Each structure stands twice: as structure tokens, then as C-alpha cells.
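Here's query-v2.pdb, which has PDB, C-alpha atoms:
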```pdb
ATOM      1  CA  MET A   1     -49.184   1.171 -72.486
ATOM      2  CA  LYS A   2     -52.821   0.907 -73.536
ATOM      3  CA  LYS A   3     -54.458   4.229 -74.415
ATOM      4  CA  THR A   4     -58.101   5.322 -74.061
ATOM      5  CA  LEU A   5     -59.805   7.669 -76.537
ATOM      6  CA  LEU A   6     -62.365   9.917 -74.860
ATOM      7  CA  THR A   7     -65.061  10.896 -77.350
ATOM      8  CA  LEU A   8     -67.652  12.885 -75.485
ATOM      9  CA  ALA A   9     -70.310  12.418 -78.128
ATOM     10  CA  ALA A  10     -70.519   8.704 -77.239
ATOM     11  CA  ALA A  11     -70.067   9.016 -73.485
ATOM     12  CA  GLY A  12     -73.234  10.834 -72.374
ATOM     13  CA  CYS A  13     -76.951  10.189 -72.746
ATOM     14  CA  ALA A  14     -79.481  12.522 -74.376
ATOM     15  CA  ALA A  15     -79.995  15.758 -72.409
ATOM     16  CA  ALA A  16     -83.376  16.254 -70.680
ATOM     17  CA  VAL A  17     -84.894  19.754 -71.063
ATOM     18  CA  THR A  18     -86.027  21.023 -67.662
ATOM     19  CA  GLY A  19     -86.199  24.805 -68.067
ATOM     20  CA  CYS A  20     -87.820  27.511 -70.152
ATOM     21  CA  ALA A  21     -88.418  27.474 -73.911
ATOM     22  CA  ARG A  22     -85.714  28.653 -76.318
ATOM     23  CA  GLN A  23     -85.713  32.111 -77.834
ATOM     24  CA  GLU A  24     -87.229  32.655 -81.281
ATOM     25  CA  ASN A  25     -84.396  34.798 -82.771
ATOM     26  CA  VAL A  26     -82.825  31.914 -84.732
ATOM     27  CA  GLN A  27     -80.264  32.661 -87.427
ATOM     28  CA  GLU A  28     -80.901  30.752 -90.638
ATOM     29  CA  GLU A  29     -77.322  29.609 -91.251
ATOM     30  CA  ILE A  30     -75.263  27.549 -88.797
ATOM     31  CA  PRO A  31     -71.653  28.909 -88.681
ATOM     32  CA  ALA A  32     -68.958  26.964 -90.516
ATOM     33  CA  MET A  33     -66.713  24.907 -88.228
ATOM     34  CA  GLN A  34     -62.998  25.570 -87.664
ATOM     35  CA  GLU A  35     -60.979  22.443 -86.767
ATOM     36  CA  TYR A  36     -58.333  22.588 -84.037
ATOM     37  CA  VAL A  37     -55.823  19.737 -83.521
ATOM     38  CA  SER A  38     -53.153  19.943 -80.790
ATOM     39  CA  GLU A  39     -49.486  19.597 -81.770
ATOM     40  CA  ASP A  40     -49.268  16.042 -80.403
ATOM     41  CA  GLY A  41     -52.535  15.096 -82.122
ATOM     42  CA  SER A  42     -54.222  14.001 -78.880
ATOM     43  CA  LEU A  43     -56.915  16.731 -78.763
ATOM     44  CA  MET A  44     -59.367  17.432 -81.597
ATOM     45  CA  LEU A  45     -61.988  20.178 -81.368
ATOM     46  CA  ASN A  46     -64.251  21.955 -83.876
ATOM     47  CA  LEU A  47     -64.986  25.648 -83.232
ATOM     48  CA  PRO A  48     -67.770  27.586 -85.022
ATOM     49  CA  GLY A  49     -66.570  30.250 -87.440
ATOM     50  CA  GLY A  50     -63.007  31.410 -88.056
ATOM     51  CA  ASP A  51     -62.635  34.199 -85.485
ATOM     52  CA  TRP A  52     -61.345  32.162 -82.500
ATOM     53  CA  GLN A  53     -57.881  32.696 -81.014
ATOM     54  CA  MET A  54     -55.831  30.619 -78.581
ATOM     55  CA  ASP A  55     -55.449  32.380 -75.192
ATOM     56  CA  GLU A  56     -53.988  29.483 -73.163
ATOM     57  CA  ASP A  57     -52.164  26.387 -74.440
ATOM     58  CA  ASP A  58     -50.553  23.821 -72.148
ATOM     59  CA  ASP A  59     -50.846  20.103 -71.390
ATOM     60  CA  THR A  60     -53.801  20.506 -69.011
ATOM     61  CA  MET A  61     -55.694  23.529 -70.365
ATOM     62  CA  LYS A  62     -56.708  24.997 -73.718
ATOM     63  CA  ILE A  63     -58.649  28.302 -73.836
ATOM     64  CA  PHE A  64     -60.131  29.806 -77.018
ATOM     65  CA  SER A  65     -61.909  33.171 -77.212
ATOM     66  CA  SER A  66     -63.814  35.254 -79.754
ATOM     67  CA  PRO A  67     -66.347  38.118 -79.666
ATOM     68  CA  GLU A  68     -69.035  35.415 -79.404
ATOM     69  CA  GLY A  69     -67.696  33.829 -76.199
ATOM     70  CA  ILE A  70     -65.092  31.517 -74.705
ATOM     71  CA  VAL A  71     -64.374  27.760 -75.006
ATOM     72  CA  MET A  72     -62.207  25.957 -72.437
ATOM     73  CA  VAL A  73     -60.940  22.339 -72.359
ATOM     74  CA  THR A  74     -59.224  21.144 -69.152
ATOM     75  CA  HIS A  75     -57.710  17.978 -67.669
ATOM     76  CA  THR A  76     -57.613  17.676 -63.869
ATOM     77  CA  GLU A  77     -55.808  14.835 -62.043
ATOM     78  CA  ASN A  78     -56.751  13.580 -58.569
ATOM     79  CA  ALA A  79     -60.071  15.399 -58.837
ATOM     80  CA  ALA A  80     -62.550  15.575 -55.973
ATOM     81  CA  ASP A  81     -66.110  14.224 -56.064
ATOM     82  CA  GLU A  82     -67.453  17.794 -56.446
ATOM     83  CA  MET A  83     -66.421  17.660 -60.119
ATOM     84  CA  TYR A  84     -69.278  15.200 -60.774
ATOM     85  CA  PRO A  85     -72.603  16.979 -60.062
ATOM     86  CA  GLN A  86     -75.315  14.752 -58.623
ATOM     87  CA  THR A  87     -78.075  17.373 -59.037
ATOM     88  CA  GLU A  88     -78.664  20.615 -60.915
ATOM     89  CA  GLU A  89     -77.742  22.545 -57.746
ATOM     90  CA  ASP A  90     -74.239  21.016 -57.870
ATOM     91  CA  ILE A  91     -73.534  22.768 -61.221
ATOM     92  CA  GLN A  92     -72.606  25.931 -59.279
ATOM     93  CA  THR A  93     -69.693  24.121 -57.572
ATOM     94  CA  VAL A  94     -68.345  22.907 -60.941
ATOM     95  CA  LEU A  95     -68.542  26.437 -62.410
ATOM     96  CA  GLU A  96     -66.627  27.897 -59.462
ATOM     97  CA  ILE A  97     -63.882  25.233 -59.738
ATOM     98  CA  GLU A  98     -63.545  25.917 -63.491
ATOM     99  CA  GLY A  99     -63.255  29.692 -62.863
ATOM    100  CA  TYR A 100     -66.583  30.810 -64.357
ATOM    101  CA  ASP A 101     -68.984  33.328 -62.821
ATOM    102  CA  SER A 102     -71.704  31.144 -61.270
ATOM    103  CA  GLU A 103     -74.159  33.753 -59.987
ATOM    104  CA  GLY A 104     -77.579  34.423 -61.502
ATOM    105  CA  TYR A 105     -78.384  31.508 -63.773
ATOM    106  CA  GLU A 106     -80.869  28.687 -64.263
ATOM    107  CA  VAL A 107     -80.223  25.149 -65.497
ATOM    108  CA  THR A 108     -82.219  24.398 -68.668
ATOM    109  CA  GLU A 109     -80.698  20.988 -69.504
ATOM    110  CA  PHE A 110     -78.998  18.411 -67.271
ATOM    111  CA  SER A 111     -78.193  14.713 -67.790
ATOM    112  CA  ARG A 112     -75.819  12.153 -66.236
ATOM    113  CA  SER A 113     -74.507   8.771 -67.369
ATOM    114  CA  GLU A 114     -72.356   6.028 -65.810
ATOM    115  CA  VAL A 115     -70.832   3.209 -67.874
ATOM    116  CA  ALA A 116     -68.443   0.844 -66.041
ATOM    117  CA  GLN A 117     -65.751   3.101 -64.481
ATOM    118  CA  MET A 118     -66.554   6.125 -66.664
ATOM    119  CA  LYS A 119     -69.015   8.811 -65.594
ATOM    120  CA  SER A 120     -70.221  11.723 -67.700
ATOM    121  CA  TYR A 121     -72.631  14.636 -67.502
ATOM    122  CA  ARG A 122     -73.932  17.448 -69.690
ATOM    123  CA  ALA A 123     -75.610  20.709 -68.748
ATOM    124  CA  VAL A 124     -76.857  23.917 -70.367
ATOM    125  CA  ILE A 125     -77.389  27.031 -68.253
ATOM    126  CA  ARG A 126     -78.982  30.387 -69.010
ATOM    127  CA  TYR A 127     -77.679  33.509 -67.226
ATOM    128  CA  THR A 128     -80.541  35.537 -65.733
ATOM    129  CA  GLU A 129     -78.873  38.726 -64.464
ATOM    130  CA  GLU A 130     -79.785  41.818 -66.462
ATOM    131  CA  ASN A 131     -76.165  42.953 -67.052
ATOM    132  CA  ALA A 132     -74.563  39.499 -67.318
ATOM    133  CA  VAL A 133     -71.642  39.262 -69.769
ATOM    134  CA  TYR A 134     -72.740  35.812 -70.952
ATOM    135  CA  SER A 135     -76.166  34.653 -72.118
ATOM    136  CA  TRP A 136     -75.681  30.876 -72.151
ATOM    137  CA  GLY A 137     -73.257  28.249 -70.844
ATOM    138  CA  ILE A 138     -72.606  24.660 -71.991
ATOM    139  CA  LEU A 139     -70.793  22.039 -69.882
ATOM    140  CA  ASN A 140     -69.629  18.508 -70.674
ATOM    141  CA  GLY A 141     -67.597  16.506 -68.159
ATOM    142  CA  ILE A 142     -66.027  13.039 -68.311
ATOM    143  CA  LEU A 143     -64.665  11.326 -65.168
ATOM    144  CA  LEU A 144     -62.336   8.359 -65.670
ATOM    145  CA  GLY A 145     -60.798   7.067 -62.462
ATOM    146  CA  ASP A 146     -59.378  10.123 -60.655
ATOM    147  CA  ASP A 147     -59.069  12.152 -63.900
ATOM    148  CA  VAL A 148     -61.630  14.723 -65.060
ATOM    149  CA  TYR A 149     -61.797  15.866 -68.691
ATOM    150  CA  MET A 150     -63.965  18.972 -69.029
ATOM    151  CA  ALA A 151     -65.158  20.950 -72.067
ATOM    152  CA  SER A 152     -67.224  24.105 -71.595
ATOM    153  CA  ALA A 153     -68.377  27.179 -73.494
ATOM    154  CA  MET A 154     -69.869  30.534 -72.497
ATOM    155  CA  VAL A 155     -71.840  32.446 -75.170
ATOM    156  CA  THR A 156     -72.328  36.222 -75.192
ATOM    157  CA  LYS A 157     -75.160  36.421 -77.774
ATOM    158  CA  GLU A 158     -78.782  35.302 -78.012
ATOM    159  CA  ASP A 159     -78.152  33.213 -81.123
ATOM    160  CA  GLU A 160     -79.631  29.722 -81.263
ATOM    161  CA  ALA A 161     -77.634  28.678 -84.343
ATOM    162  CA  LEU A 162     -74.383  29.631 -82.576
ATOM    163  CA  MET A 163     -75.570  27.753 -79.480
ATOM    164  CA  GLU A 164     -76.154  24.573 -81.492
ATOM    165  CA  ALA A 165     -72.712  24.904 -83.138
ATOM    166  CA  LEU A 166     -71.004  25.322 -79.747
ATOM    167  CA  LYS A 167     -72.942  22.346 -78.382
ATOM    168  CA  SER A 168     -71.383  20.282 -81.165
ATOM    169  CA  SER A 169     -67.954  21.645 -80.194
ATOM    170  CA  VAL A 170     -68.358  20.860 -76.493
ATOM    171  CA  TYR A 171     -70.219  17.554 -76.841
ATOM    172  CA  GLU A 172     -68.213  16.008 -79.689
ATOM    173  CA  TYR A 173     -64.552  16.829 -78.956
ATOM    174  CA  SER A 174     -62.092  13.962 -78.412
ATOM    175  CA  TRP A 175     -59.018  13.638 -76.195
ATOM    176  CA  GLU A 176     -56.651  10.653 -76.305
ATOM    177  CA  MET A 177     -54.882   9.987 -73.064
ATOM    178  CA  GLU A 178     -52.966   7.347 -71.075
ATOM    179  CA  PRO A 179     -54.934   6.267 -67.982
ATOM    180  CA  SER A 180     -53.085   7.311 -64.835
ATOM    181  CA  ASP A 181     -54.771   4.678 -62.654
ATOM    182  CA  GLU A 182     -54.030   1.617 -64.817
ATOM    183  CA  LYS A 183     -53.056  -1.272 -62.536
ATOM    184  CA  LYS A 184     -50.543  -4.003 -63.365
ATOM    185  CA  GLU A 185     -51.261  -7.605 -62.449
ATOM    186  CA  VAL A 186     -48.702  -8.984 -60.037
ATOM    187  CA  THR A 187     -48.138 -12.766 -59.993
ATOM    188  CA  PRO A 188     -47.099 -13.876 -56.522
ATOM    189  CA  GLU A 189     -43.845 -15.812 -56.351
ATOM    190  CA  VAL A 190     -44.059 -19.417 -55.095
ATOM    191  CA  THR A 191     -41.314 -20.395 -52.645
ATOM    192  CA  PRO A 192     -40.338 -24.069 -53.182
ATOM    193  CA  GLU A 193     -40.519 -26.279 -50.154
ATOM    194  CA  ALA A 194     -37.144 -27.404 -48.759
ATOM    195  CA  THR A 195     -36.329 -31.111 -49.202
ATOM    196  CA  PRO A 196     -35.304 -32.619 -45.852
ATOM    197  CA  GLU A 197     -31.768 -33.936 -45.844
ATOM    198  CA  ALA A 198     -30.967 -37.427 -44.547
ATOM    199  CA  THR A 199     -29.440 -37.462 -41.030
ATOM    200  CA  PRO A 200     -26.024 -39.218 -41.131
ATOM    201  CA  GLU A 201     -25.283 -42.016 -38.707
ATOM    202  CA  PRO A 202     -23.009 -40.884 -35.851
ATOM    203  CA  THR A 203     -19.373 -41.995 -36.140
ATOM    204  CA  PRO A 204     -17.973 -43.419 -32.900
ATOM    205  CA  GLN A 205     -15.380 -41.061 -31.487
ATOM    206  CA  ALA A 206     -12.135 -42.265 -29.914
ATOM    207  CA  THR A 207     -11.738 -41.368 -26.236
ATOM    208  CA  PRO A 208      -9.100 -38.613 -26.114
ATOM    209  CA  GLU A 209      -6.218 -38.617 -23.674
ATOM    210  CA  PRO A 210      -6.673 -36.003 -20.926
ATOM    211  CA  THR A 211      -4.847 -32.773 -21.778
ATOM    212  CA  PRO A 212      -3.528 -30.520 -19.043
ATOM    213  CA  GLU A 213      -5.717 -27.432 -18.679
ATOM    214  CA  THR A 214      -4.303 -24.107 -19.855
ATOM    215  CA  THR A 215      -5.635 -20.665 -19.073
ATOM    216  CA  PRO A 216      -6.916 -19.068 -22.286
ATOM    217  CA  GLU A 217      -5.573 -15.686 -23.267
ATOM    218  CA  PRO A 218      -8.242 -12.964 -23.173
ATOM    219  CA  THR A 219      -9.466 -11.930 -26.616
ATOM    220  CA  PRO A 220      -9.044  -8.169 -27.111
ATOM    221  CA  GLN A 221     -12.368  -6.334 -27.876
ATOM    222  CA  ALA A 222     -12.513  -4.447 -31.164
ATOM    223  CA  THR A 223     -12.805  -0.701 -30.763
ATOM    224  CA  PRO A 224     -15.947   0.463 -32.673
ATOM    225  CA  GLU A 225     -15.389   2.899 -35.518
ATOM    226  CA  PRO A 226     -16.922   6.338 -34.912
ATOM    227  CA  THR A 227     -20.168   6.926 -36.855
ATOM    228  CA  PRO A 228     -19.696   9.848 -39.265
ATOM    229  CA  GLU A 229     -22.093  12.744 -38.906
ATOM    230  CA  PRO A 230     -24.662  13.016 -41.784
ATOM    231  CA  THR A 231     -23.797  15.608 -44.381
ATOM    232  CA  PRO A 232     -26.485  18.321 -44.336
ATOM    233  CA  GLN A 233     -28.421  18.682 -47.598
ATOM    234  CA  ALA A 234     -28.325  22.049 -49.289
ATOM    235  CA  THR A 235     -31.650  23.920 -49.289
ATOM    236  CA  PRO A 236     -32.617  24.814 -52.863
ATOM    237  CA  GLU A 237     -32.575  28.494 -53.614
ATOM    238  CA  PRO A 238     -35.969  30.020 -54.662
ATOM    239  CA  ALA A 239     -36.412  30.951 -58.308
ATOM    240  CA  PRO A 240     -35.030  34.461 -58.991
ATOM    241  CA  PRO A 241     -37.643  37.228 -59.410
ATOM    242  CA  VAL A 242     -38.156  39.090 -62.666
ATOM    243  CA  PRO A 243     -35.373  41.731 -62.972
ATOM    244  CA  PRO A 244     -36.831  45.210 -62.239
ATOM    245  CA  GLU A 245     -35.202  46.638 -65.363
ATOM    246  CA  ASP A 246     -37.359  44.304 -67.505
ATOM    247  CA  ILE A 247     -40.591  45.773 -66.069
ATOM    248  CA  THR A 248     -42.045  49.066 -67.263
ATOM    249  CA  PRO A 249     -43.473  50.850 -64.163
ATOM    250  CA  VAL A 250     -47.240  51.499 -64.259
ATOM    251  CA  SER A 251     -49.507  52.901 -61.554
ATOM    252  CA  ARG A 252     -53.210  52.495 -62.221
ATOM    253  CA  SER A 253     -56.228  50.335 -61.516
ATOM    254  CA  GLY A 254     -57.393  47.647 -63.939
ATOM    255  CA  TYR A 255     -60.789  46.043 -64.490
ATOM    256  CA  CYS A 256     -61.049  42.296 -65.083
ATOM    257  CA  HIS A 257     -63.536  41.678 -67.905
ATOM    258  CA  SER A 258     -63.170  37.881 -67.873
ATOM    259  CA  PRO A 259     -61.992  35.296 -65.280
ATOM    260  CA  ALA A 260     -58.212  34.797 -65.414
ATOM    261  CA  TYR A 261     -55.412  32.945 -63.642
ATOM    262  CA  VAL A 262     -52.854  34.852 -61.557
ATOM    263  CA  ARG A 263     -49.326  33.467 -62.078
ATOM    264  CA  SER A 264     -45.980  33.807 -60.285
ATOM    265  CA  GLY A 265     -44.201  34.964 -63.457
ATOM    266  CA  PRO A 266     -45.029  36.668 -66.778
ATOM    267  CA  ASP A 267     -45.520  33.516 -68.881
ATOM    268  CA  ASN A 268     -47.890  30.529 -69.173
ATOM    269  CA  THR A 269     -45.324  28.106 -67.703
ATOM    270  CA  SER A 270     -45.179  29.897 -64.324
ATOM    271  CA  SER A 271     -47.155  28.373 -61.465
ATOM    272  CA  VAL A 272     -50.746  29.486 -60.793
ATOM    273  CA  VAL A 273     -50.991  31.334 -57.450
ATOM    274  CA  GLY A 274     -54.645  32.343 -57.656
ATOM    275  CA  SER A 275     -57.278  33.877 -59.918
ATOM    276  CA  VAL A 276     -59.232  37.068 -60.510
ATOM    277  CA  GLU A 277     -62.938  37.072 -61.207
ATOM    278  CA  GLU A 278     -64.936  38.998 -63.778
ATOM    279  CA  GLY A 279     -65.636  42.517 -62.520
ATOM    280  CA  GLN A 280     -62.776  42.483 -60.002
ATOM    281  CA  THR A 281     -60.493  45.565 -59.792
ATOM    282  CA  VAL A 282     -56.720  45.067 -59.500
ATOM    283  CA  THR A 283     -53.816  47.462 -58.876
ATOM    284  CA  ILE A 284     -51.371  47.434 -61.817
ATOM    285  CA  THR A 285     -47.754  48.197 -60.861
ATOM    286  CA  GLY A 286     -45.940  47.369 -64.099
ATOM    287  CA  GLU A 287     -46.034  45.663 -67.469
ATOM    288  CA  ILE A 288     -43.773  43.279 -69.388
ATOM    289  CA  ARG A 289     -44.556  41.946 -72.853
ATOM    290  CA  ASN A 290     -48.213  40.795 -72.839
ATOM    291  CA  TRP A 291     -48.463  40.682 -69.020
ATOM    292  CA  TYR A 292     -49.411  43.104 -66.255
ATOM    293  CA  GLN A 293     -47.642  43.041 -62.901
ATOM    294  CA  ILE A 294     -50.263  43.469 -60.140
ATOM    295  CA  SER A 295     -50.353  43.714 -56.352
ATOM    296  CA  TYR A 296     -51.570  40.344 -55.094
ATOM    297  CA  GLY A 297     -51.563  38.611 -51.697
ATOM    298  CA  GLY A 298     -49.174  41.113 -50.117
ATOM    299  CA  GLY A 299     -46.692  40.826 -52.995
ATOM    300  CA  THR A 300     -46.650  40.927 -56.787
ATOM    301  CA  ALA A 301     -47.989  38.525 -59.408
ATOM    302  CA  TYR A 302     -48.839  38.562 -63.117
ATOM    303  CA  VAL A 303     -52.023  38.478 -65.248
ATOM    304  CA  CYS A 304     -52.303  38.308 -69.052
ATOM    305  CA  LYS A 305     -53.242  41.698 -70.532
ATOM    306  CA  ASP A 306     -56.014  40.102 -72.616
ATOM    307  CA  TYR A 307     -58.206  39.825 -69.499
ATOM    308  CA  ILE A 308     -57.637  43.320 -67.998
ATOM    309  CA  GLN A 309     -58.918  46.693 -69.166
TER     310      GLN A 309
END
```

Spit out the file's structure as C-alpha cells when you get a sec.
Amino acid sequence: MKKTLLTLAAAGCAAAVTGCARQENVQEEIPAMQEYVSEDGSLMLNLPGGDWQMDEDDDTMKIFSSPEGIVMVTHTENAADEMYPQTEEDIQTVLEIEGYDSEGYEVTEFSRSEVAQMKSYRAVIRYTEENAVYSWGILNGILLGDDVYMASAMVTKEDEALMEALKSSVYEYSWEMEPSDEKKEVTPEVTPEATPEATPEPTPQATPEPTPETTPEPTPQATPEPTPEPTPQATPEPAPPVPPEDITPVSRSGYCHSPAYVRSGPDNTSSVVGSVEEGQTVTITGEIRNWYQISYGGGTAYVCKDYIQ
């Protein structure tokens, strides 16, 4: 199957500056870049400096964090039109879908581009709230068919050199993928026309001697076989819960210092049942490995300890 290489550096147009001027506290040296390549070699990303760690790693999401901020790369199938902002005001919807805090910011750069079936956009935002955790945000989205490939970064410091390095990370990453909406050409089958057969000449029939009429015996009707009842299908049993003996009981409140997914089990392969936002308080009922068990939606769920204080 043909593959497409998404290189975001070549997909978008130059960003147009629409907001305030940049700060003057520029560091003289741009941080050295740290290369990340996924195990299957499909995703390549350069991160500034060497202090980034992997917080989430699956086929559709990669999350990296450091004291300077967070970088997230995601792939969403069957995405809605809201993932492609038409105006600067639409950036808030994209931030909420991606799980970022979208309150109190202004858009300083925004550009869009459409080439054939591929759409792309870039945006830079500046957080304006006095006690905001992040100072700047960078977004770069590619839409190909119904798939959305998104790279974003949130920066905690007023550091223009770091901002430029993270722009390179977000704008110049590459992701090789197989298009999910590739269509196959179907050649219709041609049904050959039937050749008419020649009609044979009738053969004269001899006149038969009259035969005495006999009463035909009635043909017995076949008794229909009974239709067997359908065999009921077994209902699959739900996945077993985490054994209580594996959970260390805890009873306290926790503070979410960064947006995080809430999962049905204590590992990254469990399904996502919701999310917690930055600043949200949760009730912790237990812990297992690197996960907290919390009260959620009338039951229990799990959040990675890295996001809860």
C-alpha cells in the first residue's frame, strides 16, 4: 500500500504576526536538540535540550515533558471539522479537544494552508492570566482526509530562544503513515450478450391411439421439517476489575497540576474514560505502581501519579 510522509515544515505557509511584540529577554544560545525516533521509525521529532522524558507512548499519542514545558504529538481518526480552525477564535475549540487549558490567552500568530486534499494550520498563543502555568503555546495541525496529525507545545518560561527551538520541534516533525481513506479503483465487469440459438424445425408427430383414461393416484405432500430455534449467543463478560489486594488504600485529596487522561485501569493500554483539567481537585482512594485510584463518575478510575500532587 502506498504510504504518505507528513513533514509539517513543508505543509504550511509562513505565519503572519497579528499580536503584540516579543519580549526582549532573549537568551544568547539556542538549546541543543535531542532527537526522538519511535520504535517503528515512523515518527521523528527533535526536542530542545536533554531534559525531556516520555510520559505517554502509544500508537496515537506521544507526550514529552520537562521543567520547561510539554510537547504532545497526536493522531486522530474520523476527526470533526472543529479540528481545522477557520479563524483565530476557533483556536480555543482545538485547545479544548487536545486537553489544554484554553482560558486567558491571545493569538499572536495564525496561518492556514490548503494544498489538494491536505489542509494545515499553525498558531502561536500567549497566555495572559497573571498566575497561568504556561507562558506560550505553539500549535501545528495537518488534516489529510478524515485524519488529523497534531503537534503542540506549551512553554512555562519567558525565553525566546527556547520558543524558537520548540517552534522547530513542532513545525518540522515528520510522521509516516498509511492513508486510511485510500480508495481502490473498481473495474466494472462486462456481461457478454447471449447468442440467440437457432429454432429447430418441428418434427411431425404420429397421431397416438386413444388410451383409456385412468384416475391418477394422489401424490402425498411432504411434511416440512421443523425449523430449529436459533442458538442464543453468549454475552461477553466485562473485564475483571483490579484485585483489591493489589491496591494500597489511600484517603486524601489530590491537586492536578497538568491536564491528564482518566483511564479504566492502571496502565496506558486501558481505555480513556475522561480527563481532569489543570487545577482540578480529585479524591484519591488508593495507589498501585505509578497510578492513583480516584473517585470518578460514581465509581473508580485511574490517573498517572506524574500529573497529581

Exercise: residues within 8 Å of coordinate (-57.9, 36.4, -59.5), counting only C-alpha atoms, as number ranges by chain: A: 259-262, 274-277, 280

Starting from the shown file, work through the PyMOL selection byres ((chain A and resi 92-97) around 12) and note down what comes out as an mmCIF file with C-alpha atoms, in the coordinates of the input.
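Written file, part_1.cif:
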```
data_model
loop_
_atom_site.group_PDB
_atom_site.id
_atom_site.type_symbol
_atom_site.label_atom_id
_atom_site.label_comp_id
_atom_site.auth_asym_id
_atom_site.auth_seq_id
_atom_site.Cartn_x
_atom_site.Cartn_y
_atom_site.Cartn_z
ATOM 1 C CA MET A 72 -62.207 25.957 -72.437
ATOM 2 C CA THR A 74 -59.224 21.144 -69.152
ATOM 3 C CA THR A 76 -57.613 17.676 -63.869
ATOM 4 C CA ALA A 79 -60.071 15.399 -58.837
ATOM 5 C CA ALA A 80 -62.550 15.575 -55.973
ATOM 6 C CA ASP A 81 -66.110 14.224 -56.064
ATOM 7 C CA GLU A 82 -67.453 17.794 -56.446
ATOM 8 C CA MET A 83 -66.421 17.660 -60.119
ATOM 9 C CA TYR A 84 -69.278 15.200 -60.774
ATOM 10 C CA PRO A 85 -72.603 16.979 -60.062
ATOM 11 C CA GLN A 86 -75.315 14.752 -58.623
ATOM 12 C CA THR A 87 -78.075 17.373 -59.037
ATOM 13 C CA GLU A 88 -78.664 20.615 -60.915
ATOM 14 C CA GLU A 89 -77.742 22.545 -57.746
ATOM 15 C CA ASP A 90 -74.239 21.016 -57.870
ATOM 16 C CA ILE A 91 -73.534 22.768 -61.221
ATOM 17 C CA GLU A 98 -63.545 25.917 -63.491
ATOM 18 C CA GLY A 99 -63.255 29.692 -62.863
ATOM 19 C CA TYR A 100 -66.583 30.810 -64.357
ATOM 20 C CA ASP A 101 -68.984 33.328 -62.821
ATOM 21 C CA SER A 102 -71.704 31.144 -61.270
ATOM 22 C CA GLU A 103 -74.159 33.753 -59.987
ATOM 23 C CA GLY A 104 -77.579 34.423 -61.502
ATOM 24 C CA TYR A 105 -78.384 31.508 -63.773
ATOM 25 C CA GLU A 106 -80.869 28.687 -64.263
ATOM 26 C CA VAL A 107 -80.223 25.149 -65.497
ATOM 27 C CA TYR A 121 -72.631 14.636 -67.502
ATOM 28 C CA ARG A 122 -73.932 17.448 -69.690
ATOM 29 C CA ALA A 123 -75.610 20.709 -68.748
ATOM 30 C CA VAL A 124 -76.857 23.917 -70.367
ATOM 31 C CA ILE A 125 -77.389 27.031 -68.253
ATOM 32 C CA GLY A 137 -73.257 28.249 -70.844
ATOM 33 C CA ILE A 138 -72.606 24.660 -71.991
ATOM 34 C CA LEU A 139 -70.793 22.039 -69.882
ATOM 35 C CA ASN A 140 -69.629 18.508 -70.674
ATOM 36 C CA GLY A 141 -67.597 16.506 -68.159
ATOM 37 C CA VAL A 148 -61.630 14.723 -65.060
ATOM 38 C CA MET A 150 -63.965 18.972 -69.029
ATOM 39 C CA ALA A 151 -65.158 20.950 -72.067
ATOM 40 C CA SER A 152 -67.224 24.105 -71.595
ATOM 41 C CA ALA A 153 -68.377 27.179 -73.494
ATOM 42 C CA MET A 154 -69.869 30.534 -72.497
ATOM 43 C CA PRO A 259 -61.992 35.296 -65.280
ATOM 44 C CA GLY A 274 -54.645 32.343 -57.656
ATOM 45 C CA SER A 275 -57.278 33.877 -59.918
ATOM 46 C CA VAL A 276 -59.232 37.068 -60.510
ATOM 47 C CA GLU A 277 -62.938 37.072 -61.207
#
```

Close residues, Glu39 in chain A itself excluded, 12 Å, only C-alpha atoms, min 4 positions apart in chain, as a PyMOL selection string: chain A and resi 43-44+57-59

Shell of 9 Å around Pro266 in chain A, only C-alpha atoms, local chain residues under 3 positions omitted, as a ChimeraX atom specification: /A:242,263,269-270,288-293,301-304

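In this structure, CA of Val170 in chain A sits 25.9 Å away from CA of Glu130 in chain A.
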
Shell of 10 Å around Gly279 in chain A, only C-alpha atoms, local chain residues under 3 positions omitted, as a list in words: Asp101, Val133, Gly254, Tyr255, Cys256, His257, Ser258, Pro259, Val276, Val282 and Ile308 of chain A

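Separating CA of Tyr307 in chain A from CA of Trp52 in chain A is a distance of 15.4 Å.
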
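The gap separating CA of Ala161 in chain A from CA of Leu45 in chain A is 18.1 Å, in Å to one decimal.
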
Answer key for the PyMOL selection byres ((chain A and resi 146) around 8), residues as number ranges by chain: A: 77-80, 143-145, 147-148, 181

Selection dump of the PyMOL selection byres ((chain A and resi 67) around 10), as a PyMOL selection string: chain A and resi 51-52+65-66+68-70+155-157

Would you please take range 56-64 of chain A of the structure in the block above and write N, CA, C and O atoms to a file as a CSV table (one decimal), in the first residue's frame?
```csv
chain,number,residue,atom,x,y,z
A,56,GLU,N,3.8,9.6,27.9
A,56,GLU,CA,2.8,8.8,27.2
A,56,GLU,C,3.3,8.3,25.9
A,56,GLU,O,3.9,9.1,25.1
A,57,ASP,N,3.2,7.0,25.6
A,57,ASP,CA,3.7,6.4,24.4
A,57,ASP,C,2.8,5.3,23.8
A,57,ASP,O,2.8,4.2,24.3
A,58,ASP,N,1.9,5.7,22.9
A,58,ASP,CA,1.2,4.6,22.2
A,58,ASP,C,1.0,5.0,20.7
A,58,ASP,O,1.7,6.0,20.3
A,59,ASP,N,0.3,4.3,20.0
A,59,ASP,CA,0.2,4.5,18.5
A,59,ASP,C,-0.4,5.8,18.1
A,59,ASP,O,-0.2,6.3,17.0
A,60,THR,N,-1.2,6.4,19.0
A,60,THR,CA,-1.9,7.6,18.6
A,60,THR,C,-1.5,8.8,19.4
A,60,THR,O,-2.0,9.9,19.1
A,61,MET,N,-0.6,8.7,20.4
A,61,MET,CA,-0.3,9.8,21.2
A,61,MET,C,1.1,9.6,21.8
A,61,MET,O,1.5,8.6,22.3
A,62,LYS,N,1.9,10.7,21.7
A,62,LYS,CA,3.2,10.8,22.4
A,62,LYS,C,3.3,12.1,23.2
A,62,LYS,O,3.0,13.1,22.6
A,63,ILE,N,3.6,12.0,24.5
A,63,ILE,CA,3.7,13.1,25.3
A,63,ILE,C,5.1,13.2,26.0
A,63,ILE,O,5.5,12.2,26.5
A,64,PHE,N,5.7,14.3,25.8
A,64,PHE,CA,7.0,14.6,26.4
A,64,PHE,C,6.9,15.8,27.4
A,64,PHE,O,6.2,16.7,27.1
```
